>>> print(open('run-v3.txt').read())   # compact mmCIF, C-alpha atoms
# COMPACT_ATOMS: atom_id res chain seq x y z
CA MET A 1 -7.48 31.94 36.75
CA LYS A 2 -3.79 32.34 37.58
CA PHE A 3 -1.20 33.78 35.19
CA TYR A 4 2.44 32.88 35.57
CA MET A 5 5.33 35.03 34.43
CA PHE A 6 8.43 33.20 33.21
CA THR A 7 11.79 34.87 33.38
CA ASP A 8 13.56 32.46 31.01
CA LEU A 9 12.89 29.78 28.41
CA TYR A 10 14.02 26.95 30.68
CA SER A 11 11.31 27.73 33.26
CA PHE A 12 8.67 27.82 30.54
CA LEU A 13 9.74 24.42 29.14
CA CYS A 14 9.70 22.92 32.63
CA TYR A 15 6.19 24.25 33.10
CA LEU A 16 5.05 22.63 29.83
CA GLN A 17 6.60 19.29 30.85
CA LEU A 18 4.81 19.48 34.19
CA ILE A 19 1.47 20.09 32.49
CA ASP A 20 2.06 17.16 30.14
CA PHE A 21 3.00 14.92 33.08
CA TYR A 22 -0.28 15.56 34.93
CA ARG A 23 -2.42 15.42 31.78
CA PRO A 24 -4.55 12.23 31.64
CA LYS A 25 -2.82 9.66 29.45
CA MET A 26 -4.63 7.86 26.67
CA VAL A 27 -5.31 4.17 27.32
CA TRP A 28 -5.80 1.82 24.37
CA THR A 29 -8.97 -0.28 24.67
CA LYS A 30 -10.59 -2.76 22.32
CA GLN A 31 -12.86 -0.02 20.96
CA HIS A 32 -9.80 2.16 20.29
CA ASP A 33 -8.17 -0.72 18.40
CA ILE A 34 -11.30 -1.32 16.29
CA MET A 35 -11.46 2.37 15.34
CA LEU A 36 -7.76 2.27 14.43
CA ALA A 37 -8.24 -0.77 12.18
CA ARG A 38 -11.23 0.86 10.45
CA GLU A 39 -9.27 4.04 9.70
CA ILE A 40 -6.34 2.00 8.34
CA LEU A 41 -8.71 0.24 5.92
CA VAL A 42 -10.00 3.66 4.82
CA ALA A 43 -6.60 5.40 4.40
CA ARG A 44 -4.87 2.24 3.02
CA PRO A 45 -1.24 3.21 3.75
CA PHE A 46 -0.14 -0.27 2.69
CA VAL A 47 -0.73 0.49 -1.03
CA PHE A 48 2.27 2.88 -1.01
CA LYS A 49 5.95 1.94 -1.01
CA PHE A 50 7.48 1.40 2.44
CA GLY A 51 9.30 4.53 3.61
CA SER A 52 7.74 6.75 0.94
CA ARG A 53 6.27 10.18 1.60
CA GLU A 54 2.82 9.01 0.43
CA ARG A 55 2.84 6.17 2.97
CA GLY A 56 3.73 8.61 5.76
CA GLN A 57 0.95 10.98 4.67
CA ALA A 58 -1.54 8.10 4.77
CA TRP A 59 -0.52 7.27 8.36
CA ASP A 60 -0.89 10.98 9.20
CA LYS A 61 -4.46 10.83 7.90
CA VAL A 62 -5.16 7.86 10.16
CA ALA A 63 -3.88 9.76 13.21
CA GLU A 64 -5.78 12.94 12.30
CA ALA A 65 -9.03 11.02 11.77
CA LEU A 66 -8.71 9.29 15.15
CA ASN A 67 -7.97 12.56 16.97
CA THR A 68 -11.28 13.98 15.69
CA VAL A 69 -13.36 11.08 17.04
CA LYS A 70 -15.73 12.34 19.75
CA GLN A 71 -17.03 9.01 21.13
CA LEU A 72 -13.55 7.96 22.29
CA ARG A 73 -10.55 9.96 23.45
CA PHE A 74 -7.58 9.77 21.09
CA HIS A 75 -4.25 11.58 21.41
CA VAL A 76 -2.03 9.92 18.77
CA ASP A 77 0.43 10.73 16.01
CA GLN A 78 1.80 8.88 12.98
CA ARG A 79 4.36 6.92 14.97
CA GLY A 80 1.84 5.99 17.66
CA VAL A 81 -0.71 4.49 15.26
CA ARG A 82 1.98 2.61 13.30
CA GLU A 83 3.46 1.06 16.43
CA ARG A 84 0.01 0.17 17.79
CA TYR A 85 -0.95 -1.56 14.54
CA GLU A 86 2.31 -3.55 14.46
CA LYS A 87 1.65 -4.67 18.04
CA LEU A 88 -1.92 -5.73 17.20
CA LYS A 89 -0.76 -7.58 14.08
CA LYS A 90 1.93 -9.55 15.91
CA ALA A 91 -0.45 -10.41 18.76
CA TYR A 92 -3.15 -11.56 16.32
CA GLN A 93 -0.78 -13.72 14.27
CA LYS A 94 0.70 -15.29 17.41
CA ARG A 95 -2.73 -16.06 18.88
CA MET A 96 -4.01 -17.56 15.61
CA ARG A 97 -0.98 -19.88 15.39
CA GLU A 98 -1.29 -20.99 19.01
CA GLU A 99 -5.04 -21.63 18.85
CA ALA A 100 -4.83 -23.48 15.55
CA ARG A 101 -1.96 -25.64 16.84
CA ALA A 102 -3.73 -26.37 20.13
CA SER A 103 -7.20 -27.22 18.81
CA GLY A 104 -6.47 -28.26 15.24
CA ILE A 105 -9.41 -26.18 13.97
CA SER A 106 -9.78 -22.59 12.85
CA PRO A 107 -10.27 -20.36 15.90
CA GLU A 108 -13.24 -18.01 16.18
CA ILE A 109 -12.49 -14.39 15.32
CA ASN A 110 -14.18 -11.14 16.30
CA GLU A 111 -14.55 -7.80 14.52
CA LEU A 112 -11.05 -6.64 15.43
CA ASP A 113 -9.51 -9.91 14.25
CA GLU A 114 -11.38 -9.66 10.94
CA ALA A 115 -10.14 -6.10 10.41
CA ILE A 116 -6.52 -7.02 11.22
CA GLU A 117 -6.75 -10.06 8.95
CA SER A 118 -8.06 -7.87 6.10
CA ILE A 119 -5.23 -5.38 6.56
CA VAL A 120 -2.60 -8.15 6.58
CA GLU A 121 -3.98 -9.80 3.43
CA LEU A 122 -4.32 -6.51 1.56
CA SER A 123 -0.80 -5.50 2.66
CA GLU A 124 0.66 -8.72 1.26
CA VAL A 125 -1.15 -8.23 -2.08
CA ALA A 126 -0.09 -4.56 -2.28
CA GLU A 127 3.53 -5.37 -1.41
CA LYS A 128 3.64 -7.95 -4.22
CA GLU A 129 2.23 -5.42 -6.70
CA ILE A 130 4.72 -2.76 -5.58
CA MET A 131 7.65 -5.16 -6.00
CA GLU A 132 6.49 -6.12 -9.50
CA ALA A 133 6.08 -2.46 -10.49
CA GLN A 134 9.51 -1.60 -9.07
CA GLY A 135 11.07 -4.49 -10.99
CA ALA A 136 9.49 -3.29 -14.23
CA LYS A 137 10.70 0.24 -13.55
CA ASN A 138 14.27 -0.92 -12.85
CA LYS A 139 14.25 -2.99 -16.02
CA LEU A 140 13.08 0.04 -18.02
CA SER A 141 15.79 2.25 -16.48
CA GLU A 142 18.47 -0.31 -17.31
CA THR A 143 17.22 -0.48 -20.91
CA GLU A 144 17.31 3.31 -21.17
CA ARG A 145 20.88 3.43 -19.86
CA GLU A 146 22.02 0.76 -22.29
CA THR A 147 20.35 2.54 -25.22
CA ALA A 148 21.83 5.92 -24.29
CA GLU A 149 25.29 4.39 -23.87
CA SER A 150 25.00 2.67 -27.25
CA VAL A 151 23.96 5.90 -29.00
CA ARG A 152 26.75 7.83 -27.27
CA LYS A 153 29.40 5.33 -28.35
CA ARG A 154 28.17 5.38 -31.94
CA SER A 155 28.12 9.18 -31.95
CA MET A 156 31.67 9.31 -30.54
CA GLU A 157 32.86 6.84 -33.16
CA ARG A 158 31.32 8.90 -35.96
CA LEU A 159 32.76 12.11 -34.48
CA SER A 160 36.23 10.55 -34.33
CA GLN A 161 36.00 9.45 -37.95
CA THR A 162 34.81 12.91 -38.99
CA ARG A 163 37.73 14.58 -37.24
CA GLU A 164 40.19 12.23 -38.94
CA ARG A 165 38.73 13.12 -42.33
CA GLU A 166 38.87 16.84 -41.53
CA ASN A 167 42.54 16.54 -40.50
CA LEU A 168 43.29 14.69 -43.72
CA GLU A 169 41.46 17.33 -45.75
CA SER A 170 43.33 20.11 -43.96
CA SER A 171 46.68 18.53 -44.87
CA LYS A 172 45.62 18.28 -48.51
CA LYS A 173 43.95 21.69 -48.69
CA LYS A 174 46.89 23.42 -50.34
CA ARG A 175 46.95 20.86 -53.15
CA ARG A 176 43.26 21.07 -53.96
CA SER A 177 42.20 22.36 -57.38
CA GLY A 178 38.76 23.33 -58.65
CA ASN A 179 37.72 19.67 -58.65
CA GLY A 180 38.87 19.41 -55.01
CA MET A 181 36.32 22.04 -53.98
CA VAL A 182 33.53 19.98 -55.54
CA GLU A 183 34.70 16.90 -53.67
CA TYR A 184 34.81 18.89 -50.44
CA LEU A 185 31.21 20.04 -50.93
CA GLN A 186 30.13 16.49 -51.72
CA GLU A 187 31.76 15.15 -48.56
CA LYS A 188 30.20 17.96 -46.52
CA GLU A 189 26.79 17.09 -47.92
CA ALA A 190 27.41 13.42 -47.10
CA ARG A 191 28.31 14.32 -43.49
CA GLU A 192 25.16 16.40 -43.14
CA GLU A 193 23.08 13.55 -44.53
CA GLN A 194 24.72 11.15 -42.07
CA GLN A 195 24.01 13.54 -39.20
CA LYS A 196 20.36 13.71 -40.27
CA LYS A 197 20.18 9.92 -40.17
CA ILE A 198 21.65 9.96 -36.66
CA ASP A 199 19.08 12.56 -35.57
CA VAL A 200 16.24 10.50 -37.03
CA GLU A 201 17.52 7.38 -35.28
CA LEU A 202 17.78 9.20 -31.95
CA ARG A 203 14.26 10.59 -32.38
CA GLU A 204 12.88 7.13 -33.15
CA ARG A 205 14.61 5.66 -30.10
CA HIS A 206 13.24 8.48 -27.95
CA LEU A 207 9.70 7.85 -29.21
CA ALA A 208 10.12 4.13 -28.55
CA LEU A 209 11.23 4.80 -24.97
CA GLU A 210 8.31 7.17 -24.43
CA GLU A 211 5.91 4.55 -25.73
CA ARG A 212 7.47 1.94 -23.42
CA LYS A 213 7.10 4.30 -20.45
CA HIS A 214 3.47 4.83 -21.37
CA ASN A 215 2.91 1.08 -21.55
CA GLU A 216 4.59 0.58 -18.17
CA ALA A 217 2.35 3.28 -16.67
CA MET A 218 -0.69 1.52 -18.11
CA VAL A 219 0.48 -1.76 -16.56
CA ILE A 220 0.90 -0.06 -13.16
CA GLU A 221 -2.61 1.41 -13.37
CA GLN A 222 -3.97 -1.99 -14.37
CA ASN A 223 -2.22 -3.59 -11.39
CA LYS A 224 -3.79 -0.98 -9.10
CA PHE A 225 -7.20 -1.82 -10.54
CA ILE A 226 -6.58 -5.53 -10.01
CA LEU A 227 -5.47 -4.82 -6.44
CA ARG A 228 -8.69 -2.93 -5.79
CA GLU A 229 -10.71 -5.80 -7.24
CA LYS A 230 -8.89 -8.23 -4.95
CA GLU A 231 -9.61 -5.98 -1.96
CA LEU A 232 -13.31 -5.93 -2.80
CA ALA A 233 -13.30 -9.71 -3.26
CA ILE A 234 -11.66 -10.22 0.14
CA LEU A 235 -14.16 -7.91 1.82
CA ALA A 236 -17.05 -9.67 0.06
CA ASN A 237 -15.79 -13.08 1.18
CA GLN A 238 -15.46 -11.87 4.75
CA GLN A 239 -18.99 -10.45 4.62
CA GLU A 240 -20.28 -13.76 3.26
CA GLU A 241 -18.48 -15.72 6.00
CA ARG A 242 -19.87 -13.34 8.64
CA GLU A 243 -23.42 -13.78 7.33
CA LYS A 244 -22.91 -17.55 7.25
CA ARG A 245 -21.75 -17.59 10.89
CA ASP A 246 -24.66 -15.36 11.89
CA GLY A 247 -27.07 -17.72 10.11
CA GLU A 248 -25.59 -20.75 11.88
CA LEU A 249 -25.79 -18.96 15.22
CA LEU A 250 -29.43 -18.00 14.59
CA SER A 251 -30.26 -21.58 13.59
CA SER A 252 -28.65 -22.90 16.78
CA MET A 253 -30.60 -20.42 18.88
CA ARG A 254 -33.85 -21.48 17.21
CA LYS A 255 -33.12 -25.14 17.97
CA ILE A 256 -32.41 -24.28 21.59
CA ILE A 257 -35.68 -22.32 21.83
CA GLU A 258 -37.60 -25.20 20.27
CA GLN A 259 -36.01 -27.64 22.74
CA GLN A 260 -36.91 -25.36 25.64
CA GLN A 261 -40.49 -25.06 24.38
CA GLU A 262 -40.73 -28.85 24.10
CA ILE A 263 -39.44 -29.24 27.67
CA ILE A 264 -41.95 -26.64 28.92
CA LYS A 265 -44.73 -28.48 27.08
CA GLN A 266 -43.73 -31.78 28.67
CA LEU A 267 -43.62 -30.17 32.12
CA GLN A 268 -47.08 -28.71 31.59
CA GLN A 269 -48.41 -32.12 30.60
CA GLN A 270 -46.86 -33.69 33.70
CA MET A 271 -48.31 -30.97 35.92
CA HIS A 272 -51.73 -31.47 34.33
CA LEU A 273 -51.47 -35.22 34.92
CA LEU A 274 -50.48 -34.71 38.57
CA THR A 275 -53.40 -32.31 39.03
CA SER A 276 -55.80 -34.85 37.59
CA ILE A 277 -54.47 -37.60 39.89
CA GLU A 278 -54.82 -35.33 42.94
CA LYS A 279 -58.44 -34.52 42.06
CA LYS A 280 -59.31 -38.23 41.72
CA GLN A 281 -57.81 -38.93 45.11
>>> encode(input="run-v3.txt", output="structure tokens")
Amino acid sequence: MKFYMFTDLYSFLCYLQLIDFYRPKMVWTKQHDIMLAREILVARPFVFKFGSRERGQAWDKVAEALNTVKQLRFHVDQRGVRERYEKLKKAYQKRMREEARASGISPEINELDEAIESIVELSEVAEKEIMEAQGAKNKLSETERETAESVRKRSMERLSQTRERENLESSKKKRRSGNGMVEYLQEKEAREEQQKKIDVELRERHLALEERKHNEAMVIEQNKFILREKELAILANQQEEREKRDGELLSSMRKIIEQQQEIIKQLQQQMHLLTSIEKKQ
């Protein structure tokens, strides 16, 4: 084994590029694509918002799972698997449109096509759910802003009125008598009572917002559950269609075998007849 000494960083980087250049490149085959589609259905990156950190982490899991496969050679990253899936999806959709337009009937699909179709359908359902949840969240945020602005304006109005009364009281302070002190205390008590009412109102509004947030969270969880149920229903329908096609194929093969057996039987009868004629002659 040879050891090389590098005098600078540039030489070392050039050496690494040379090694990468001569390293065998990965070639995508149909089996690679099937494994990719299976891992996408397992990691389900489409259930997360586009561009989110969770969606990127899900694609990372797909790449990591493929790189650990021993039956096939994978050397991929997050970007590689995303771009490969987009290419497969576009090719599948284009081929389905062309075949349906050319023949007028639904084209036959294989395992890879079924997997891509499942991913596309689940992605559309998940995207709809994400948009609905985002709309509900935006609506809640707008309501919170409006409520906070309303409370702030009311508080500022009350504060302005309180300051005006304090200024008026300050101007009349020198003319107050013993009865004036009682009035001052009564007004102070009234202000404190008003402030308590404001605090109670703010607390009630806060509790109402918290309850609304909780309800929105429950709706989001319910939508996730519904999405999962739809996924299971789609997979069950695909399984049922696959079993139906397999049954039709098996029935066709049985008919062909029966026809072949009937032909063989007829040939045997003809050969027996010819043998009998030859013996008579």
>>> residues_around(input="run-v3.txt", residues="segment 55-59 of chain A", least_positions_apart="6", cutoff="7 Å", atoms="only C-alpha atoms", output="list in words")
Ala43, Arg44, Pro45, Phe48, Lys49 and Gln78 of chain A
>>> atom_distance(input="run-v3.txt", atom1="atom CA of Met218 of chain A", atom2="atom CA of Ala133 of chain A")
10.9 Å
>>> residues_near_point(input="run-v3.txt", point="(-2.6, -2.3, 13.7)", cutoff="12 Å", atoms="all atoms listed in the file", output="PDB file with C-alpha atoms, in the coordinates of the input")
ATOM      1  CA  TRP A  28      -5.800   1.820  24.370  1.00  0.00           C
ATOM      2  CA  LYS A  30     -10.590  -2.760  22.320  1.00  0.00           C
ATOM      3  CA  HIS A  32      -9.800   2.160  20.290  1.00  0.00           C
ATOM      4  CA  ASP A  33      -8.170  -0.720  18.400  1.00  0.00           C
ATOM      5  CA  ILE A  34     -11.300  -1.320  16.290  1.00  0.00           C
ATOM      6  CA  MET A  35     -11.460   2.370  15.340  1.00  0.00           C
ATOM      7  CA  LEU A  36      -7.760   2.270  14.430  1.00  0.00           C
ATOM      8  CA  ALA A  37      -8.240  -0.770  12.180  1.00  0.00           C
ATOM      9  CA  ARG A  38     -11.230   0.860  10.450  1.00  0.00           C
ATOM     10  CA  GLU A  39      -9.270   4.040   9.700  1.00  0.00           C
ATOM     11  CA  ILE A  40      -6.340   2.000   8.340  1.00  0.00           C
ATOM     12  CA  LEU A  41      -8.710   0.240   5.920  1.00  0.00           C
ATOM     13  CA  ARG A  44      -4.870   2.240   3.020  1.00  0.00           C
ATOM     14  CA  PRO A  45      -1.240   3.210   3.750  1.00  0.00           C
ATOM     15  CA  PHE A  46      -0.140  -0.270   2.690  1.00  0.00           C
ATOM     16  CA  TRP A  59      -0.520   7.270   8.360  1.00  0.00           C
ATOM     17  CA  VAL A  62      -5.160   7.860  10.160  1.00  0.00           C
ATOM     18  CA  ARG A  79       4.360   6.920  14.970  1.00  0.00           C
ATOM     19  CA  GLY A  80       1.840   5.990  17.660  1.00  0.00           C
ATOM     20  CA  VAL A  81      -0.710   4.490  15.260  1.00  0.00           C
ATOM     21  CA  ARG A  82       1.980   2.610  13.300  1.00  0.00           C
ATOM     22  CA  GLU A  83       3.460   1.060  16.430  1.00  0.00           C
ATOM     23  CA  ARG A  84       0.010   0.170  17.790  1.00  0.00           C
ATOM     24  CA  TYR A  85      -0.950  -1.560  14.540  1.00  0.00           C
ATOM     25  CA  GLU A  86       2.310  -3.550  14.460  1.00  0.00           C
ATOM     26  CA  LYS A  87       1.650  -4.670  18.040  1.00  0.00           C
ATOM     27  CA  LEU A  88      -1.920  -5.730  17.200  1.00  0.00           C
ATOM     28  CA  LYS A  89      -0.760  -7.580  14.080  1.00  0.00           C
ATOM     29  CA  LYS A  90       1.930  -9.550  15.910  1.00  0.00           C
ATOM     30  CA  ALA A  91      -0.450 -10.410  18.760  1.00  0.00           C
ATOM     31  CA  TYR A  92      -3.150 -11.560  16.320  1.00  0.00           C
ATOM     32  CA  GLN A  93      -0.780 -13.720  14.270  1.00  0.00           C
ATOM     33  CA  LEU A 112     -11.050  -6.640  15.430  1.00  0.00           C
ATOM     34  CA  ASP A 113      -9.510  -9.910  14.250  1.00  0.00           C
ATOM     35  CA  GLU A 114     -11.380  -9.660  10.940  1.00  0.00           C
ATOM     36  CA  ALA A 115     -10.140  -6.100  10.410  1.00  0.00           C
ATOM     37  CA  ILE A 116      -6.520  -7.020  11.220  1.00  0.00           C
ATOM     38  CA  GLU A 117      -6.750 -10.060   8.950  1.00  0.00           C
ATOM     39  CA  SER A 118      -8.060  -7.870   6.100  1.00  0.00           C
ATOM     40  CA  ILE A 119      -5.230  -5.380   6.560  1.00  0.00           C
ATOM     41  CA  VAL A 120      -2.600  -8.150   6.580  1.00  0.00           C
ATOM     42  CA  SER A 123      -0.800  -5.500   2.660  1.00  0.00           C
TER      43      SER A 123
END
>>> atom_distance(input="run-v3.txt", atom1="atom CA of Ile130 of chain A", atom2="atom CA of Glu241 of chain A")
29.0 Å
>>> atom_distance(input="run-v3.txt", atom1="atom CA of Arg53 of chain A", atom2="atom CA of Phe74 of chain A")
23.9 Å
